[in-house]
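Notes to accompany the following structure.
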Amino acid sequence: MRKITLVAASILVLSGAIFATVGVAKAPMVNGQVTKIDESAGKITLKHGPIKKLDMNEGMTMVFRVQEPAMLKQVKVGDKVRFDTDRINGQITVTKIEKAK
Ligand SMILES: [Cu+2]
């Protein structure tokens, strides 16, 4: 009986992890506007709305690192954008960015 309980518990934990992963993947992109681009530093300044997964509950303007330098060529200052972020090596990093349609 104890074995069955253990298996059931493992399945519950596993499916929880899968749902959490899918949830992150489906998280909507954040709306923002480019206010500055620093290609030599690989950084972009974005005015953005709340980003719940980074505990930013209010909009603000801040500097982000970009995952790929080429991302800085896809947008220019003044562009309205949609972007996604993650903490990579402890640094808040833009992982995806596109012009808002
Ligand atoms: Cu912020």
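Residue numbering restarts at 1 for every chain of the structure tokens, chains are lettered A, B, ... in their displayed order, and ligands are numbered from 1 as they appear.
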**Test item: residues lying within 12 Å of ligand 1 with only C-alpha atoms and all ligand atoms, as number ranges by chain** = A: 30-32, 44-65, 84-86, 92-94
**Message:** I'd like the interatomic distance between CA of Pro28 (chain A) and CA of Ala41 (chain A), to a tenth of an Å.
**Reply:**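 That distance, rounded to one decimal, is 27.3 Å.
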**Request:** as a ChimeraX atom specification, list the residues of region 49-87 of chain A assigned to strand (DSSP E) by DSSP on the backbone atoms of this structure.
**Result:** /A:60-66,80-87
